Amino acid sequence: MVIIRAKQLVTALNMPWRYSDEVAVINDAAVAIRDGVIIDVGTWEEIKRRHPHADIWDFGDYLVTPGLVDPHTHLLFAGSREDELERKLQGESYEEITRKGGGIYKTVKYTKETSDQELLNILQKRIQLATSFGTTTVEVKTGYGLDIDQELRLARILKSVKSPIDVVTTFLVHIPPPAGRENYVKEVLKAIPYAGTTYVDVFCDSIAFNVEETRTILKKAAEAGYKLRLHADELEYIGCSDLVEELPIDSADHLLNTPPENVRKIAKSGT
Ligand SMILES: [Zn+2]
């Protein structure tokens, strides 16, 4: 048995809890752990009194918190678009920036021109940075290939990552190519069995895939044994979040334009 002593401890206030964002901050605190399981938390004085024979790991000036779980990232890409933030602040629209060669297509271009090894290095560095901030699990998606061979390449790179923390992999069907979207959906369906990630995710929205296409892709993914995720209702509500009632979708993300009745649907669905 071991006691970890910390300057501050962040912990759940009323366990077991659900749908609660309440946390407690305890100063000069301690956590008691037996066989890898937390069995007690409280002030240092309390814990020391209740478990007098434990080994003590003193983290004097540090904060101790539950590991951070980052469930939605797009970490696998090359190039930077930080200049676009300033341009947007000066009034340029995203459409304008995209027309002048910025936006997502810029990331796609840089990513395509970067070697597998270099992309892997970039990804590992980003995961390392997240780890240093206390992240213990991170989800990472493909999505900046935008043609099937590139997307499968990104999935391969993603699966080869070596990390001290848990990395959950997602094959993201992001944006259809400007021409030949029907054909693209066919290619996606053919490629899905080879992605080899844990999740398949579709960007379902007015500028991306419609509900019908999304349903087809996710059904195929479920049949092939993938877990499902969804980018839904981000720019516009076109019915995407309704899919939680039909399909076993673990997570529906973004949801900036989800109508209130669909929030209730999502809550009921187990998504
Ligand atoms: Zn996203």
# chains A, B, ... in the order shown; residues from 1 in each chain; ligands from 1

call {"tool": "residues_near_ligand", "arguments": {"ligand": "ligand 1", "cutoff": "9 Å", "atoms": "only C-alpha atoms and all ligand atoms", "output": "list in words"}}
result
His72, Thr73, His74, Lys141, Leu172, His174, Phe203, Leu230, His231, Asp253 and His254 of chain A

call {"tool": "write_last_selection", "arguments": {"atoms": "C-alpha atoms", "output": "CSV table (one decimal), in the first residue's frame"}}
result
chain,number,residue,atom,x,y,z
A,72,HIS,CA,-11.4,14.3,-29.8
A,73,THR,CA,-8.2,15.5,-31.6
A,74,HIS,CA,-6.9,16.0,-35.1
A,141,LYS,CA,-8.0,10.9,-36.2
A,172,LEU,CA,-12.2,10.0,-40.2
A,174,HIS,CA,-13.7,14.1,-43.6
A,203,PHE,CA,-18.1,14.4,-40.9
A,230,LEU,CA,-19.8,11.1,-35.7
A,231,HIS,CA,-19.0,14.8,-36.5
A,253,ASP,CA,-19.2,15.6,-31.5
A,254,HIS,CA,-19.3,19.3,-32.3

call {"tool": "residues_around", "arguments": {"residues": "A:Lys227", "least_positions_apart": "4", "cutoff": "8 Å", "atoms": "only C-alpha atoms", "output": "ChimeraX atom specification"}}
result
/A:198-200,221-222,248-250

call {"tool": "select_by_dssp", "arguments": {"residues": "stretch 21-97 of chain A", "states": "strand (DSSP E or B)", "output": "CSV table (one decimal) with all heavy atoms, in the first residue's frame"}}
result
chain,number,residue,atom,x,y,z
A,23,VAL,N,-16.1,19.1,-8.8
A,23,VAL,CA,-14.9,18.5,-8.3
A,23,VAL,C,-14.6,19.1,-7.0
A,23,VAL,O,-15.0,20.2,-6.7
A,23,VAL,CB,-13.7,18.7,-9.3
A,23,VAL,CG1,-13.9,17.9,-10.6
A,23,VAL,CG2,-13.5,20.1,-9.6
A,24,ALA,N,-13.8,18.4,-6.2
A,24,ALA,CA,-13.3,19.0,-4.9
A,24,ALA,C,-11.8,19.2,-5.0
A,24,ALA,O,-11.1,18.5,-5.7
A,24,ALA,CB,-13.6,18.0,-3.8
A,25,VAL,N,-11.4,20.3,-4.4
A,25,VAL,CA,-10.0,20.6,-4.4
A,25,VAL,C,-9.6,20.5,-2.9
A,25,VAL,O,-10.2,21.2,-2.0
A,25,VAL,CB,-9.6,22.0,-4.9
A,25,VAL,CG1,-8.2,22.3,-4.7
A,25,VAL,CG2,-10.0,22.1,-6.4
A,26,ILE,N,-8.7,19.6,-2.6
A,26,ILE,CA,-8.3,19.4,-1.2
A,26,ILE,C,-6.8,19.9,-1.0
A,26,ILE,O,-6.0,19.4,-1.8
A,26,ILE,CB,-8.4,17.9,-0.7
A,26,ILE,CG1,-9.8,17.4,-1.0
A,26,ILE,CG2,-8.0,17.8,0.7
A,26,ILE,CD1,-10.0,16.0,-0.8
A,27,ASN,N,-6.5,20.8,-0.1
A,27,ASN,CA,-5.2,21.2,0.1
A,27,ASN,C,-4.4,20.3,1.1
A,27,ASN,O,-5.1,19.7,1.9
A,27,ASN,CB,-5.2,22.7,0.6
A,27,ASN,CG,-5.6,23.6,-0.5
A,27,ASN,OD1,-5.2,23.6,-1.6
A,27,ASN,ND2,-6.6,24.5,-0.1
A,28,ASP,N,-3.1,20.2,0.9
A,28,ASP,CA,-2.3,19.3,1.7
A,28,ASP,C,-3.0,17.9,1.8
A,28,ASP,O,-3.5,17.6,2.9
A,28,ASP,CB,-2.0,19.8,3.1
A,28,ASP,CG,-0.8,19.0,3.7
A,28,ASP,OD1,-0.1,18.3,3.0
A,28,ASP,OD2,-0.6,19.1,4.9
A,29,ALA,N,-3.1,17.3,0.7
A,29,ALA,CA,-4.0,16.1,0.5
A,29,ALA,C,-3.2,14.8,0.3
A,29,ALA,O,-2.0,14.9,0.2
A,29,ALA,CB,-4.9,16.3,-0.6
A,30,ALA,N,-3.9,13.7,0.3
A,30,ALA,CA,-3.2,12.5,0.0
A,30,ALA,C,-4.2,11.5,-0.6
A,30,ALA,O,-5.4,11.6,-0.4
A,30,ALA,CB,-2.6,11.9,1.3
A,31,VAL,N,-3.6,10.5,-1.3
A,31,VAL,CA,-4.4,9.4,-1.9
A,31,VAL,C,-3.8,8.1,-1.5
A,31,VAL,O,-2.6,8.0,-1.5
A,31,VAL,CB,-4.2,9.5,-3.5
A,31,VAL,CG1,-5.1,8.4,-4.2
A,31,VAL,CG2,-4.6,10.9,-4.0
A,32,ALA,N,-4.6,7.2,-1.0
A,32,ALA,CA,-4.1,5.9,-0.6
A,32,ALA,C,-4.4,4.9,-1.7
A,32,ALA,O,-5.6,4.8,-2.2
A,32,ALA,CB,-4.8,5.5,0.7
A,33,ILE,N,-3.4,4.1,-2.1
A,33,ILE,CA,-3.6,3.1,-3.2
A,33,ILE,C,-3.1,1.8,-2.8
A,33,ILE,O,-2.0,1.6,-2.2
A,33,ILE,CB,-2.7,3.6,-4.4
A,33,ILE,CG1,-3.1,5.0,-4.9
A,33,ILE,CG2,-2.7,2.6,-5.5
A,33,ILE,CD1,-2.2,5.7,-5.8
A,34,ARG,N,-4.0,0.8,-3.0
A,34,ARG,CA,-3.6,-0.6,-2.7
A,34,ARG,C,-3.7,-1.4,-4.0
A,34,ARG,O,-4.8,-1.4,-4.6
A,34,ARG,CB,-4.4,-1.2,-1.6
A,34,ARG,CG,-3.9,-2.6,-1.2
A,34,ARG,CD,-4.9,-3.3,-0.3
A,34,ARG,NE,-5.0,-2.7,1.0
A,34,ARG,CZ,-6.2,-2.4,1.6
A,34,ARG,NH1,-7.3,-2.7,1.0
A,34,ARG,NH2,-6.2,-1.8,2.8
A,37,VAL,N,-5.3,0.2,-7.0
A,37,VAL,CA,-6.6,0.8,-6.9
A,37,VAL,C,-6.7,1.9,-5.8
A,37,VAL,O,-6.2,1.7,-4.7
A,37,VAL,CB,-7.6,-0.3,-6.5
A,37,VAL,CG1,-9.0,0.2,-6.3
A,37,VAL,CG2,-7.6,-1.4,-7.6
A,38,ILE,N,-7.3,3.0,-6.1
A,38,ILE,CA,-7.4,4.1,-5.1
A,38,ILE,C,-8.5,3.6,-4.1
A,38,ILE,O,-9.6,3.3,-4.5
A,38,ILE,CB,-7.9,5.4,-5.8
A,38,ILE,CG1,-6.7,5.9,-6.7
A,38,ILE,CG2,-8.2,6.4,-4.8
A,38,ILE,CD1,-7.1,7.1,-7.6
A,39,ILE,N,-8.1,3.6,-2.8
A,39,ILE,CA,-9.0,3.2,-1.8
A,39,ILE,C,-9.4,4.3,-0.9
A,39,ILE,O,-10.4,4.1,-0.1
A,39,ILE,CB,-8.5,2.0,-1.0
A,39,ILE,CG1,-7.1,2.3,-0.4
A,39,ILE,CG2,-8.3,0.7,-1.9
A,39,ILE,CD1,-6.7,1.4,0.7
A,40,ASP,N,-8.7,5.4,-0.9
A,40,ASP,CA,-9.1,6.5,0.0
A,40,ASP,C,-8.5,7.8,-0.5
A,40,ASP,O,-7.4,7.8,-1.0
A,40,ASP,CB,-8.5,6.1,1.4
A,40,ASP,CG,-9.3,6.8,2.6
A,40,ASP,OD1,-10.2,7.5,2.3
A,40,ASP,OD2,-8.9,6.6,3.7
A,41,VAL,N,-9.2,8.9,-0.2
A,41,VAL,CA,-8.6,10.2,-0.5
A,41,VAL,C,-9.1,11.1,0.7
A,41,VAL,O,-10.1,10.9,1.3
A,41,VAL,CB,-9.2,10.9,-1.8
A,41,VAL,CG1,-8.6,10.1,-3.0
A,41,VAL,CG2,-10.7,10.9,-1.8
A,42,GLY,N,-8.3,12.2,0.9
A,42,GLY,CA,-8.6,13.1,2.0
A,42,GLY,C,-7.5,14.0,2.3
A,42,GLY,O,-6.6,14.1,1.5
A,43,THR,N,-7.5,14.6,3.4
A,43,THR,CA,-6.4,15.5,3.8
A,43,THR,C,-5.2,14.6,4.2
A,43,THR,O,-5.4,13.4,4.6
A,43,THR,CB,-6.7,16.4,5.0
A,43,THR,OG1,-7.0,15.6,6.1
A,43,THR,CG2,-7.9,17.3,4.7
A,55,ASP,N,3.6,3.0,2.6
A,55,ASP,CA,4.8,3.7,2.1
A,55,ASP,C,4.3,5.1,1.7
A,55,ASP,O,3.1,5.2,1.2
A,55,ASP,CB,5.3,3.0,0.9
A,55,ASP,CG,6.0,1.7,1.3
A,55,ASP,OD1,6.4,1.6,2.4
A,55,ASP,OD2,6.1,0.9,0.4
A,56,ILE,N,5.2,6.1,1.8
A,56,ILE,CA,4.7,7.4,1.5
A,56,ILE,C,5.5,8.0,0.3
A,56,ILE,O,6.8,7.9,0.3
A,56,ILE,CB,4.9,8.4,2.7
A,56,ILE,CG1,3.9,8.0,3.8
A,56,ILE,CG2,4.7,9.8,2.3
A,56,ILE,CD1,4.2,8.5,5.1
A,57,TRP,N,4.8,8.4,-0.7
A,57,TRP,CA,5.5,9.1,-1.8
A,57,TRP,C,5.1,10.6,-1.7
A,57,TRP,O,3.9,10.9,-1.9
A,57,TRP,CB,5.0,8.6,-3.2
A,57,TRP,CG,5.3,7.2,-3.5
A,57,TRP,CD1,6.1,6.3,-2.7
A,57,TRP,CD2,4.9,6.4,-4.7
A,57,TRP,NE1,6.1,5.1,-3.3
A,57,TRP,CE2,5.4,5.1,-4.5
A,57,TRP,CE3,4.2,6.8,-5.8
A,57,TRP,CZ2,5.2,4.2,-5.5
A,57,TRP,CZ3,3.9,5.8,-6.7
A,57,TRP,CH2,4.5,4.5,-6.6
A,58,ASP,N,6.1,11.4,-1.4
A,58,ASP,CA,5.7,12.8,-1.1
A,58,ASP,C,6.0,13.7,-2.3
A,58,ASP,O,7.1,13.9,-2.8
A,58,ASP,CB,6.6,13.3,0.1
A,58,ASP,CG,6.1,14.6,0.6
A,58,ASP,OD1,5.4,15.3,-0.1
A,58,ASP,OD2,6.3,14.9,1.8
A,59,PHE,N,4.9,14.2,-2.9
A,59,PHE,CA,5.0,15.0,-4.1
A,59,PHE,C,4.8,16.5,-3.6
A,59,PHE,O,4.1,17.3,-4.3
A,59,PHE,CB,3.9,14.6,-5.1
A,59,PHE,CG,4.3,13.4,-5.9
A,59,PHE,CD1,4.1,12.1,-5.4
A,59,PHE,CD2,5.0,13.5,-7.1
A,59,PHE,CE1,4.5,11.0,-6.1
A,59,PHE,CE2,5.4,12.4,-7.8
A,59,PHE,CZ,5.1,11.1,-7.3
A,60,GLY,N,5.4,16.8,-2.5
A,60,GLY,CA,5.4,18.1,-1.9
A,60,GLY,C,4.7,19.3,-2.6
A,60,GLY,O,3.6,19.6,-2.1
A,61,ASP,N,5.2,19.8,-3.6
A,61,ASP,CA,4.7,21.0,-4.2
A,61,ASP,C,3.7,20.8,-5.4
A,61,ASP,O,3.3,21.7,-6.1
A,61,ASP,CB,5.8,21.9,-4.7
A,61,ASP,CG,6.3,22.8,-3.6
A,61,ASP,OD1,5.6,22.9,-2.6
A,61,ASP,OD2,7.5,23.2,-3.7
A,62,TYR,N,3.4,19.5,-5.6
A,62,TYR,CA,2.6,19.2,-6.8
A,62,TYR,C,1.1,19.1,-6.7
A,62,TYR,O,0.6,18.9,-5.6
A,62,TYR,CB,3.2,17.9,-7.4
A,62,TYR,CG,4.5,18.1,-8.1
A,62,TYR,CD1,5.7,18.1,-7.4
A,62,TYR,CD2,4.6,18.3,-9.5
A,62,TYR,CE1,6.9,18.2,-8.0
A,62,TYR,CE2,5.8,18.5,-10.1
A,62,TYR,CZ,7.0,18.4,-9.3
A,62,TYR,OH,8.2,18.6,-9.9
A,63,LEU,N,0.5,19.2,-7.8
A,63,LEU,CA,-1.0,19.0,-7.9
A,63,LEU,C,-1.1,17.5,-8.3
A,63,LEU,O,-0.5,17.1,-9.2
A,63,LEU,CB,-1.6,19.9,-9.0
A,63,LEU,CG,-3.0,19.6,-9.4
A,63,LEU,CD1,-4.0,20.2,-8.5
A,63,LEU,CD2,-3.2,20.1,-10.8
A,64,VAL,N,-2.1,16.8,-7.7
A,64,VAL,CA,-2.4,15.5,-8.2
A,64,VAL,C,-3.9,15.5,-8.7
A,64,VAL,O,-4.8,16.0,-8.0
A,64,VAL,CB,-2.3,14.4,-7.0
A,64,VAL,CG1,-2.9,13.1,-7.4
A,64,VAL,CG2,-0.8,14.2,-6.7
A,68,LEU,N,-6.1,13.2,-17.5
A,68,LEU,CA,-7.0,13.8,-18.5
A,68,LEU,C,-7.2,12.9,-19.7
A,68,LEU,O,-6.3,12.3,-20.2
A,68,LEU,CB,-6.4,15.1,-18.9
A,68,LEU,CG,-6.0,16.1,-17.8
A,68,LEU,CD1,-5.3,17.3,-18.4
A,68,LEU,CD2,-7.2,16.5,-17.0
A,69,VAL,N,-8.5,12.8,-20.1
A,69,VAL,CA,-8.8,12.0,-21.2
A,69,VAL,C,-9.3,12.9,-22.4
A,69,VAL,O,-10.3,13.6,-22.2
A,69,VAL,CB,-10.0,11.0,-20.9
A,69,VAL,CG1,-10.4,10.2,-22.2
A,69,VAL,CG2,-9.5,10.0,-19.8
A,70,ASP,N,-8.5,13.0,-23.4
A,70,ASP,CA,-8.8,13.9,-24.5
A,70,ASP,C,-9.5,13.1,-25.6
A,70,ASP,O,-8.9,12.3,-26.4
A,70,ASP,CB,-7.5,14.5,-25.1
A,70,ASP,CG,-7.8,15.7,-25.9
A,70,ASP,OD1,-8.9,15.8,-26.4
A,70,ASP,OD2,-6.9,16.6,-26.0

call {"tool": "residues_around", "arguments": {"residues": "A:Arg87", "least_positions_apart": "2", "cutoff": "12 Å", "atoms": "only C-alpha atoms", "output": "number ranges by chain"}}
result
A: 81-85, 89-98, 100, 102-103

call {"tool": "write_last_selection", "arguments": {"atoms": "N, CA and C atoms", "output": "compact mmCIF listing (two decimals), in the first residue's frame"}}
result
# COMPACT_ATOMS: atom_id res chain seq x y z
N ARG A 81 -1.39 26.63 -39.90
CA ARG A 81 -2.29 27.66 -40.44
C ARG A 81 -2.54 28.74 -39.40
N GLU A 82 -1.55 28.97 -38.56
CA GLU A 82 -1.79 29.96 -37.49
C GLU A 82 -1.97 31.36 -38.05
N ASP A 83 -1.36 31.63 -39.25
CA ASP A 83 -1.53 32.94 -39.89
C ASP A 83 -3.02 33.24 -40.19
N GLU A 84 -3.79 32.16 -40.38
CA GLU A 84 -5.20 32.36 -40.75
C GLU A 84 -6.02 32.95 -39.61
N LEU A 85 -5.59 32.70 -38.40
CA LEU A 85 -6.30 33.26 -37.25
C LEU A 85 -6.25 34.78 -37.32
N LEU A 89 -9.23 37.50 -37.94
CA LEU A 89 -9.48 38.61 -37.01
C LEU A 89 -9.52 39.94 -37.76
N GLN A 90 -8.81 39.99 -38.92
CA GLN A 90 -8.83 41.23 -39.70
C GLN A 90 -9.99 41.27 -40.68
N GLY A 91 -10.86 40.27 -40.60
CA GLY A 91 -12.11 40.34 -41.37
C GLY A 91 -12.18 39.43 -42.58
N GLU A 92 -11.08 38.74 -42.91
CA GLU A 92 -11.15 37.85 -44.06
C GLU A 92 -12.00 36.63 -43.69
N SER A 93 -12.81 36.17 -44.61
CA SER A 93 -13.68 35.02 -44.28
C SER A 93 -12.94 33.71 -44.55
N TYR A 94 -13.45 32.65 -43.94
CA TYR A 94 -12.83 31.33 -44.15
C TYR A 94 -12.89 30.95 -45.63
N GLU A 95 -14.01 31.30 -46.28
CA GLU A 95 -14.16 30.98 -47.71
C GLU A 95 -13.07 31.68 -48.53
N GLU A 96 -12.85 32.96 -48.23
CA GLU A 96 -11.82 33.73 -48.94
C GLU A 96 -10.44 33.10 -48.75
N ILE A 97 -10.16 32.78 -47.49
CA ILE A 97 -8.85 32.19 -47.17
C ILE A 97 -8.67 30.88 -47.92
N THR A 98 -9.73 30.09 -47.95
CA THR A 98 -9.67 28.80 -48.65
C THR A 98 -9.44 29.02 -50.14
N LYS A 100 -7.87 31.37 -51.52
CA LYS A 100 -6.49 31.80 -51.77
C LYS A 100 -5.48 30.72 -51.37
N GLY A 102 -5.59 28.66 -48.63
CA GLY A 102 -5.48 28.31 -47.21
C GLY A 102 -6.53 27.28 -46.84
N GLY A 103 -6.95 27.31 -45.59
CA GLY A 103 -7.99 26.39 -45.12
C GLY A 103 -7.51 24.95 -45.12

call {"tool": "residues_around", "arguments": {"residues": "stretch 149-156 of chain A", "least_positions_apart": "5", "cutoff": "10 Å", "atoms": "only C-alpha atoms", "output": "number ranges by chain"}}
result
A: 76-77, 108, 111-112, 116, 119-120, 140-144, 161, 169-174, 187-188, 191-192, 194-197

call {"tool": "write_last_selection", "arguments": {"atoms": "N, CA and C atoms", "output": "compact mmCIF listing (two decimals), in the first residue's frame"}}
result
# COMPACT_ATOMS: atom_id res chain seq x y z
N LEU A 76 -2.88 14.51 -36.37
CA LEU A 76 -2.00 13.97 -37.41
C LEU A 76 -2.08 14.81 -38.68
N PHE A 77 -1.21 15.81 -38.75
CA PHE A 77 -1.15 16.67 -39.93
C PHE A 77 0.20 17.38 -39.94
N VAL A 108 -3.94 19.69 -46.14
CA VAL A 108 -3.89 18.46 -46.95
C VAL A 108 -2.62 18.44 -47.81
N THR A 111 0.47 17.89 -45.66
CA THR A 111 0.48 16.53 -45.13
C THR A 111 0.92 15.55 -46.21
N LYS A 112 0.40 15.75 -47.41
CA LYS A 112 0.74 14.88 -48.54
C LYS A 112 2.23 14.94 -48.86
N ASP A 116 6.27 9.66 -44.31
CA ASP A 116 5.67 8.89 -43.22
C ASP A 116 6.44 9.11 -41.92
N LEU A 119 5.90 12.58 -40.45
CA LEU A 119 4.55 12.69 -39.86
C LEU A 119 4.47 11.96 -38.52
N LEU A 120 5.12 10.79 -38.49
CA LEU A 120 5.13 10.02 -37.24
C LEU A 120 5.86 10.81 -36.14
N VAL A 140 -6.97 10.08 -31.59
CA VAL A 140 -6.38 10.79 -32.73
C VAL A 140 -7.03 10.28 -34.02
N LYS A 141 -7.32 11.23 -34.93
CA LYS A 141 -7.97 10.86 -36.19
C LYS A 141 -7.08 11.06 -37.40
N THR A 142 -7.40 10.32 -38.47
CA THR A 142 -6.90 10.66 -39.80
C THR A 142 -7.82 11.78 -40.29
N GLY A 143 -7.73 12.16 -41.55
CA GLY A 143 -8.71 13.11 -42.07
C GLY A 143 -8.12 14.21 -42.94
N TYR A 144 -6.78 14.31 -43.00
CA TYR A 144 -6.19 15.33 -43.86
C TYR A 144 -5.55 14.72 -45.10
N VAL A 161 2.21 4.40 -34.04
CA VAL A 161 2.72 5.32 -33.01
C VAL A 161 3.09 4.56 -31.74
N THR A 169 -7.43 5.14 -31.88
CA THR A 169 -7.29 5.54 -33.29
C THR A 169 -8.64 5.61 -34.01
N THR A 170 -8.78 6.63 -34.86
CA THR A 170 -10.01 6.83 -35.63
C THR A 170 -9.71 7.10 -37.09
N PHE A 171 -10.45 6.43 -37.96
CA PHE A 171 -10.40 6.71 -39.40
C PHE A 171 -11.53 7.69 -39.68
N LEU A 172 -11.17 8.94 -40.00
CA LEU A 172 -12.18 9.98 -40.21
C LEU A 172 -12.45 10.18 -41.70
N VAL A 173 -13.70 10.00 -42.08
CA VAL A 173 -14.13 10.30 -43.45
C VAL A 173 -14.55 11.76 -43.41
N HIS A 174 -13.67 12.64 -43.89
CA HIS A 174 -13.71 14.06 -43.55
C HIS A 174 -14.52 14.92 -44.53
N GLU A 187 -15.40 4.36 -52.85
CA GLU A 187 -14.00 4.05 -52.48
C GLU A 187 -13.85 3.91 -50.97
N VAL A 188 -14.55 4.77 -50.23
CA VAL A 188 -14.49 4.69 -48.77
C VAL A 188 -15.00 3.33 -48.31
N ALA A 191 -12.49 0.76 -48.82
CA ALA A 191 -11.26 0.93 -48.02
C ALA A 191 -11.47 0.58 -46.54
N ILE A 192 -12.68 0.73 -46.06
CA ILE A 192 -12.94 0.60 -44.61
C ILE A 192 -12.35 -0.67 -43.97
N TYR A 194 -9.74 -2.08 -44.47
CA TYR A 194 -8.28 -2.01 -44.38
C TYR A 194 -7.77 -0.91 -43.45
N ALA A 195 -8.66 -0.11 -42.90
CA ALA A 195 -8.21 1.02 -42.08
C ALA A 195 -7.54 0.52 -40.79
N GLY A 196 -8.16 -0.46 -40.14
CA GLY A 196 -7.52 -1.08 -38.97
C GLY A 196 -7.49 -0.21 -37.72
N THR A 197 -8.28 0.85 -37.70
CA THR A 197 -8.36 1.70 -36.50
C THR A 197 -9.45 1.15 -35.58

call {"tool": "closest_residue", "arguments": {"among": "A:Ala130, A:Ala6, A:Ile207, A:Leu146", "to": "A:Lys106", "atoms": "only C-alpha atoms"}}
result
A:Leu146

call {"tool": "residues_around", "arguments": {"residues": "A:Ile127", "least_positions_apart": "2", "cutoff": "12 Å", "atoms": "only C-alpha atoms", "output": "PyMOL selection string"}}
result
chain A and resi 70+73-76+120-125+129-140+158+161-168

call {"tool": "write_last_selection", "arguments": {"atoms": "N, CA, C and O atoms", "output": "short mmCIF file (atom, residue, chain, number, x, y, z; two decimals), in the first residue's frame"}}
result
data_model
loop_
_atom_site.label_atom_id
_atom_site.label_comp_id
_atom_site.auth_asym_id
_atom_site.auth_seq_id
_atom_site.Cartn_x
_atom_site.Cartn_y
_atom_site.Cartn_z
N ASP A 70 -8.52 12.95 -23.43
CA ASP A 70 -8.81 13.86 -24.53
C ASP A 70 -9.52 13.06 -25.64
O ASP A 70 -8.88 12.31 -26.35
N THR A 73 -9.27 14.66 -31.04
CA THR A 73 -8.18 15.49 -31.57
C THR A 73 -7.96 15.19 -33.05
O THR A 73 -8.32 14.13 -33.54
N HIS A 74 -7.37 16.17 -33.71
CA HIS A 74 -6.94 16.00 -35.10
C HIS A 74 -5.43 16.26 -35.11
O HIS A 74 -4.98 17.28 -35.61
N LEU A 75 -4.66 15.40 -34.49
CA LEU A 75 -3.22 15.69 -34.28
C LEU A 75 -2.34 15.30 -35.45
O LEU A 75 -1.17 15.67 -35.48
N LEU A 76 -2.88 14.51 -36.37
CA LEU A 76 -2.00 13.97 -37.41
C LEU A 76 -2.08 14.81 -38.68
O LEU A 76 -2.91 14.58 -39.56
N LEU A 120 5.12 10.79 -38.49
CA LEU A 120 5.13 10.02 -37.24
C LEU A 120 5.86 10.81 -36.14
O LEU A 120 5.40 10.88 -35.01
N ASN A 121 6.99 11.44 -36.52
CA ASN A 121 7.73 12.25 -35.55
C ASN A 121 6.87 13.41 -35.02
O ASN A 121 6.86 13.69 -33.82
N ILE A 122 6.18 14.08 -35.94
CA ILE A 122 5.32 15.20 -35.55
C ILE A 122 4.25 14.72 -34.57
O ILE A 122 4.00 15.34 -33.53
N LEU A 123 3.64 13.59 -34.90
CA LEU A 123 2.56 13.05 -34.06
C LEU A 123 3.10 12.67 -32.68
O LEU A 123 2.48 13.00 -31.66
N GLN A 124 4.26 12.01 -32.67
CA GLN A 124 4.79 11.58 -31.37
C GLN A 124 5.13 12.79 -30.50
O GLN A 124 4.93 12.76 -29.29
N LYS A 125 5.65 13.85 -31.13
CA LYS A 125 5.97 15.06 -30.38
C LYS A 125 4.71 15.67 -29.77
O LYS A 125 4.71 16.11 -28.62
N LEU A 129 3.75 16.14 -25.81
CA LEU A 129 3.36 17.41 -25.21
C LEU A 129 2.08 17.23 -24.38
O LEU A 129 1.99 17.71 -23.25
N ALA A 130 1.10 16.50 -24.95
CA ALA A 130 -0.15 16.25 -24.22
C ALA A 130 0.15 15.48 -22.93
O ALA A 130 -0.40 15.79 -21.87
N THR A 131 1.06 14.52 -23.02
CA THR A 131 1.43 13.73 -21.85
C THR A 131 2.00 14.62 -20.75
O THR A 131 1.67 14.46 -19.57
N SER A 132 2.80 15.59 -21.17
CA SER A 132 3.44 16.47 -20.18
C SER A 132 2.43 17.35 -19.46
O SER A 132 2.68 17.85 -18.38
N PHE A 133 1.23 17.52 -20.06
CA PHE A 133 0.17 18.30 -19.41
C PHE A 133 -0.76 17.43 -18.57
O PHE A 133 -1.75 17.92 -18.04
N GLY A 134 -0.51 16.12 -18.53
CA GLY A 134 -1.33 15.25 -17.69
C GLY A 134 -2.35 14.40 -18.43
O GLY A 134 -3.17 13.74 -17.81
N THR A 135 -2.30 14.42 -19.76
CA THR A 135 -3.21 13.57 -20.53
C THR A 135 -2.75 12.12 -20.42
O THR A 135 -1.56 11.83 -20.56
N THR A 136 -3.70 11.21 -20.17
CA THR A 136 -3.34 9.80 -20.07
C THR A 136 -3.97 8.95 -21.18
O THR A 136 -3.58 7.82 -21.39
N THR A 137 -4.99 9.52 -21.83
CA THR A 137 -5.58 8.85 -23.00
C THR A 137 -5.90 9.92 -24.03
O THR A 137 -6.47 10.96 -23.70
N VAL A 138 -5.54 9.66 -25.30
CA VAL A 138 -5.84 10.62 -26.34
C VAL A 138 -6.37 9.90 -27.57
O VAL A 138 -5.85 8.87 -27.97
N GLU A 139 -7.45 10.45 -28.12
CA GLU A 139 -7.99 9.93 -29.36
C GLU A 139 -7.36 10.75 -30.48
O GLU A 139 -7.20 11.96 -30.35
N VAL A 140 -6.97 10.08 -31.59
CA VAL A 140 -6.38 10.79 -32.73
C VAL A 140 -7.03 10.28 -34.02
O VAL A 140 -7.22 9.08 -34.18
N LEU A 158 -0.73 6.29 -37.97
CA LEU A 158 -1.39 6.41 -36.66
C LEU A 158 -1.23 5.12 -35.86
O LEU A 158 -0.93 5.14 -34.66
N VAL A 161 2.21 4.40 -34.04
CA VAL A 161 2.72 5.32 -33.01
C VAL A 161 3.09 4.56 -31.74
O VAL A 161 2.41 3.61 -31.35
N LYS A 162 4.21 4.97 -31.16
CA LYS A 162 4.62 4.40 -29.87
C LYS A 162 4.44 5.49 -28.82
O LYS A 162 4.96 6.59 -28.98
N SER A 163 3.70 5.17 -27.79
CA SER A 163 3.36 6.23 -26.85
C SER A 163 3.30 5.70 -25.43
O SER A 163 2.87 4.58 -25.21
N PRO A 164 3.70 6.53 -24.46
CA PRO A 164 3.59 6.11 -23.06
C PRO A 164 2.15 6.15 -22.56
O PRO A 164 1.84 5.60 -21.51
N ILE A 165 1.25 6.81 -23.30
CA ILE A 165 -0.16 6.88 -22.87
C ILE A 165 -1.03 6.13 -23.88
O ILE A 165 -0.56 5.72 -24.94
N ASP A 166 -2.31 5.94 -23.56
CA ASP A 166 -3.21 5.22 -24.46
C ASP A 166 -3.60 6.11 -25.64
O ASP A 166 -4.04 7.25 -25.44
N VAL A 167 -3.44 5.58 -26.84
CA VAL A 167 -3.84 6.30 -28.05
C VAL A 167 -4.98 5.52 -28.70
O VAL A 167 -4.83 4.35 -29.03
N VAL A 168 -6.14 6.18 -28.85
CA VAL A 168 -7.30 5.55 -29.48
C VAL A 168 -7.37 6.06 -30.92
O VAL A 168 -7.35 7.28 -31.15
#

call {"tool": "atom_distance", "arguments": {"atom1": "atom CA of A:Lys186", "atom2": "atom CA of A:Ser115"}}
result
27.1 Å

call {"tool": "select_by_dssp", "arguments": {"residues": "stretch 48-176 of chain A", "states": "helix (DSSP H, G or I)", "output": "JSON, numbers by chain"}}
result
{"A": [48, 49, 50, 82, 83, 84, 85, 86, 87, 88, 89, 94, 95, 96, 97, 98, 99, 104, 105, 106, 107, 108, 109, 110, 111, 112, 113, 116, 117, 118, 119, 120, 121, 122, 123, 124, 125, 126, 127, 128, 129, 130, 131, 132, 148, 149, 150, 151, 152, 153, 154, 155, 156, 157, 158, 159]}
